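These notes are about the structure you will find just below.
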Amino acid sequence: MPIIFAQWAHHLTDLAEIESGHHVLDVACGTGVVTRTALMEVGMRGKVTGLDHDEKMLAIARKKPSSIDWQLGDATALPFEDNSFDRVLCQFSLMFIENRIAAIKELLRVCKPNGKVVVSVWDTINHSRVYTALANLTRKFAGYRAATKLVAPWALGVPGKMDNLLMTAGVLEYECHERVGIARFPSVDTFVEVHLRSAGEYHNLEPDKLEQMKRAAEQVLAPHIILNGQLAADLNVNIFILDPE
């Protein structure tokens with residue numbers, strides 16, 4: 001969802017300190033939001049590779065002409081030699097990888113010893129008033145299973161969860177930087193629909209229940225409605241910088 005992800009790409013690449021001539025890998029690149037942002041930083045002498053396991057995502061990424069090398073692959077078994085990249089990036093994807101420890105080890109393996117691995121995950125959902133309200137409404141109108149699927153992107157925001165993962169993966173030194181942003185949606189209805197669809201629950205909800213949920217959301221989220229009926233959803237992100245040595 002570009003409405004959510006686009007603003008965070010610059011935070012990620014800024015912290016990565018990408019320089020002209022760098023070779024950069026974006027793992028689980030999706031449609032290439034971060035990948036194209038990195039391309040603007042490496043200059044003519046640099047190279048950017050975007051890797052994803054979903055060919056449909058890569059097909060969308062390839063529609064925009066660029067020098068990016070798009071590759072199909074698995075984050076837990078990257079098809080690259082050791083020490084291949086100056087910077088290895090992964091935005092909002094680690095939480096969806098089943099073997100997260102294997103993925104972290106692979107990110108470190110392909111990064112040069114003096115390089116950086118930069119990974120972003122959503123902070124705990126409890127730090128977002130809008131998304132906490134959405135989770136509660138989903139639980140009320142669509143049930144526990146739907147709510148569990150909806151909050152899955154925040155799985156690594158649980159305090160201590162990323163620290164445990166990194167230590168288990170053998171990461172000895174890392175930094176965590178918190179960034180705060182706002183995602184703007186055209187309306188409360190759009191906000192509800194987008195996230196139910198993303199969770200795969202939109203068509204599982206009876207039309208009357210969906211309508212009830214939207215009306216309840218309008219009331220609960222009224223303090224976050226801004227100009228022209230837009231909804232401003234607060235989002236917190238944790239960006240981890242890992243030392244590959």
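By convention in this document, the chains of the structure tokens carry letters A, B, ... by their order, each chain's residues are numbered from 1, and ligands are numbered from 1 in the order they are shown.
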Which residues of stretch 83-188 of chain A come within 10 Å of stretch 6-25 of chain A, and what is each one's closest atom pair and distance in Å (one decimal), counting only C-alpha atoms, sorted by chain and residue number, as a Markdown table?
```
| residue | atom | partner | partner_atom | distance |
| --- | --- | --- | --- | --- |
| A:Ser84 | CA | A:His23 | CA | 7.8 |
| A:Phe85 | CA | A:His23 | CA | 5.1 |
| A:Asp86 | CA | A:His23 | CA | 5.4 |
| A:Arg87 | CA | A:Val24 | CA | 4.8 |
| A:Val88 | CA | A:Leu25 | CA | 4.8 |
| A:Leu89 | CA | A:Leu25 | CA | 6.1 |
| A:Cys90 | CA | A:Leu25 | CA | 8.6 |
| A:Gln91 | CA | A:Leu12 | CA | 7.7 |
| A:Phe92 | CA | A:Trp8 | CA | 9.7 |
| A:Leu107 | CA | A:Leu25 | CA | 9.1 |
| A:Val110 | CA | A:Leu25 | CA | 9.0 |
| A:Cys111 | CA | A:Leu25 | CA | 8.8 |
| A:Lys112 | CA | A:His23 | CA | 10.0 |
| A:Gly115 | CA | A:Ala16 | CA | 9.1 |
| A:Lys116 | CA | A:Ala16 | CA | 6.6 |
| A:Val117 | CA | A:Ala16 | CA | 7.6 |
| A:Val118 | CA | A:Ala16 | CA | 6.2 |
| A:Val119 | CA | A:Leu12 | CA | 7.8 |
| A:Ser120 | CA | A:Leu12 | CA | 7.2 |
| A:His177 | CA | A:Leu15 | CA | 8.7 |
| A:Glu178 | CA | A:His11 | CA | 10.0 |
| A:Arg179 | CA | A:His11 | CA | 7.8 |
| A:Val180 | CA | A:Trp8 | CA | 9.4 |
| A:Gly181 | CA | A:Gln7 | CA | 7.9 |
| A:Ile182 | CA | A:Gln7 | CA | 8.8 |
| A:Ala183 | CA | A:Gln7 | CA | 8.5 |
```
Same residues, N, CA and C atoms, output as a PDB file, in the first residue's frame:
```pdb
ATOM      1  N   SER A  84      28.421  -9.550  -0.823  1.00  0.00           N
ATOM      2  CA  SER A  84      28.147  -9.035  -2.169  1.00  0.00           C
ATOM      3  C   SER A  84      27.680  -7.580  -2.194  1.00  0.00           C
ATOM      4  N   PHE A  85      27.116  -7.083  -1.087  1.00  0.00           N
ATOM      5  CA  PHE A  85      26.458  -5.783  -1.117  1.00  0.00           C
ATOM      6  C   PHE A  85      26.964  -4.854  -0.014  1.00  0.00           C
ATOM      7  N   ASP A  86      26.979  -3.551  -0.351  1.00  0.00           N
ATOM      8  CA  ASP A  86      27.360  -2.534   0.635  1.00  0.00           C
ATOM      9  C   ASP A  86      26.229  -2.263   1.620  1.00  0.00           C
ATOM     10  N   ARG A  87      25.007  -2.349   1.116  1.00  0.00           N
ATOM     11  CA  ARG A  87      23.841  -2.128   1.965  1.00  0.00           C
ATOM     12  C   ARG A  87      22.784  -3.181   1.633  1.00  0.00           C
ATOM     13  N   VAL A  88      22.175  -3.742   2.693  1.00  0.00           N
ATOM     14  CA  VAL A  88      21.090  -4.710   2.523  1.00  0.00           C
ATOM     15  C   VAL A  88      19.890  -4.178   3.293  1.00  0.00           C
ATOM     16  N   LEU A  89      18.764  -4.010   2.607  1.00  0.00           N
ATOM     17  CA  LEU A  89      17.584  -3.368   3.169  1.00  0.00           C
ATOM     18  C   LEU A  89      16.408  -4.348   3.209  1.00  0.00           C
ATOM     19  N   CYS A  90      15.535  -4.149   4.180  1.00  0.00           N
ATOM     20  CA  CYS A  90      14.321  -4.969   4.265  1.00  0.00           C
ATOM     21  C   CYS A  90      13.259  -4.161   4.996  1.00  0.00           C
ATOM     22  N   GLN A  91      12.237  -3.737   4.269  1.00  0.00           N
ATOM     23  CA  GLN A  91      11.202  -2.883   4.849  1.00  0.00           C
ATOM     24  C   GLN A  91       9.884  -3.631   5.021  1.00  0.00           C
ATOM     25  N   PHE A  92       9.401  -3.726   6.270  1.00  0.00           N
ATOM     26  CA  PHE A  92       8.076  -4.243   6.610  1.00  0.00           C
ATOM     27  C   PHE A  92       7.783  -5.626   6.017  1.00  0.00           C
ATOM     28  N   LEU A 107      20.581 -11.971   5.416  1.00  0.00           N
ATOM     29  CA  LEU A 107      20.830 -10.544   5.202  1.00  0.00           C
ATOM     30  C   LEU A 107      22.257 -10.193   5.600  1.00  0.00           C
ATOM     31  N   VAL A 110      25.171 -11.778   3.075  1.00  0.00           N
ATOM     32  CA  VAL A 110      25.441 -11.169   1.765  1.00  0.00           C
ATOM     33  C   VAL A 110      25.929  -9.726   1.883  1.00  0.00           C
ATOM     34  N   CYS A 111      25.976  -9.197   3.100  1.00  0.00           N
ATOM     35  CA  CYS A 111      26.435  -7.822   3.294  1.00  0.00           C
ATOM     36  C   CYS A 111      27.947  -7.809   3.547  1.00  0.00           C
ATOM     37  N   LYS A 112      28.630  -6.834   2.994  1.00  0.00           N
ATOM     38  CA  LYS A 112      30.071  -6.702   3.193  1.00  0.00           C
ATOM     39  C   LYS A 112      30.364  -6.390   4.665  1.00  0.00           C
ATOM     40  N   GLY A 115      29.711  -2.986   5.707  1.00  0.00           N
ATOM     41  CA  GLY A 115      28.437  -2.471   5.222  1.00  0.00           C
ATOM     42  C   GLY A 115      27.414  -2.331   6.331  1.00  0.00           C
ATOM     43  N   LYS A 116      26.143  -2.204   5.918  1.00  0.00           N
ATOM     44  CA  LYS A 116      25.049  -2.080   6.875  1.00  0.00           C
ATOM     45  C   LYS A 116      23.845  -2.879   6.404  1.00  0.00           C
ATOM     46  N   VAL A 117      23.205  -3.524   7.372  1.00  0.00           N
ATOM     47  CA  VAL A 117      21.915  -4.172   7.140  1.00  0.00           C
ATOM     48  C   VAL A 117      20.879  -3.337   7.878  1.00  0.00           C
ATOM     49  N   VAL A 118      19.844  -2.896   7.155  1.00  0.00           N
ATOM     50  CA  VAL A 118      18.843  -2.008   7.755  1.00  0.00           C
ATOM     51  C   VAL A 118      17.460  -2.626   7.570  1.00  0.00           C
ATOM     52  N   VAL A 119      16.783  -2.842   8.695  1.00  0.00           N
ATOM     53  CA  VAL A 119      15.498  -3.540   8.693  1.00  0.00           C
ATOM     54  C   VAL A 119      14.466  -2.682   9.424  1.00  0.00           C
ATOM     55  N   SER A 120      13.305  -2.489   8.813  1.00  0.00           N
ATOM     56  CA  SER A 120      12.243  -1.728   9.481  1.00  0.00           C
ATOM     57  C   SER A 120      11.057  -2.632   9.780  1.00  0.00           C
ATOM     58  N   HIS A 177      16.205   2.803  15.805  1.00  0.00           N
ATOM     59  CA  HIS A 177      15.770   4.188  15.651  1.00  0.00           C
ATOM     60  C   HIS A 177      14.255   4.213  15.459  1.00  0.00           C
ATOM     61  N   GLU A 178      13.564   4.973  16.271  1.00  0.00           N
ATOM     62  CA  GLU A 178      12.113   5.090  16.147  1.00  0.00           C
ATOM     63  C   GLU A 178      11.766   6.282  15.258  1.00  0.00           C
ATOM     64  N   ARG A 179      10.830   6.079  14.381  1.00  0.00           N
ATOM     65  CA  ARG A 179      10.329   7.149  13.527  1.00  0.00           C
ATOM     66  C   ARG A 179       8.795   7.153  13.605  1.00  0.00           C
ATOM     67  N   VAL A 180       8.235   8.341  13.554  1.00  0.00           N
ATOM     68  CA  VAL A 180       6.785   8.501  13.664  1.00  0.00           C
ATOM     69  C   VAL A 180       6.267   9.134  12.384  1.00  0.00           C
ATOM     70  N   GLY A 181       5.142   8.626  11.896  1.00  0.00           N
ATOM     71  CA  GLY A 181       4.569   9.167  10.670  1.00  0.00           C
ATOM     72  C   GLY A 181       3.044   9.147  10.699  1.00  0.00           C
ATOM     73  N   ILE A 182       2.477   9.671   9.625  1.00  0.00           N
ATOM     74  CA  ILE A 182       1.021   9.711   9.476  1.00  0.00           C
ATOM     75  C   ILE A 182       0.665   9.168   8.088  1.00  0.00           C
ATOM     76  N   ALA A 183      -0.260   8.229   8.059  1.00  0.00           N
ATOM     77  CA  ALA A 183      -0.809   7.749   6.786  1.00  0.00           C
ATOM     78  C   ALA A 183      -2.180   8.377   6.605  1.00  0.00           C
TER      79      ALA A 183
END
```
Quick check for you: according to DSSP on this backbone, which residues of stretch 3-242 of chain A are classed as strand (DSSP E or B)? Reply as an MDAnalysis selection string. chainID A and resid 23:27 47:52 69:72 74 77 85:91 111:122 174:185 225 231:242
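With only C-alpha atoms as the atoms that count, the residue of A:His53, A:Leu58, A:Ser67, A:Gln212 with the shortest distance to A:Leu39 is A:Ser67.
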Hey, which of A:Met57, A:Leu78, A:Val151, A:Leu242 ends up closest to A:Leu166? Count only C-alpha atoms. A:Leu242
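Those residues that approach A:Ala102 to within 12 Å, counting only C-alpha atoms, are A:Asp74, A:Ala75, A:Thr76, A:Ala77, A:Leu78, A:Leu94, A:Leu108, A:Arg109, A:Leu165, A:Leu166, A:Thr168, A:Ala169, A:Gly170; same-chain residues fewer than 6 positions away are not listed.
With atom CA of A:Trp70 on one side and atom CA of A:Val48 on the other, the separation reads 8.8 Å.
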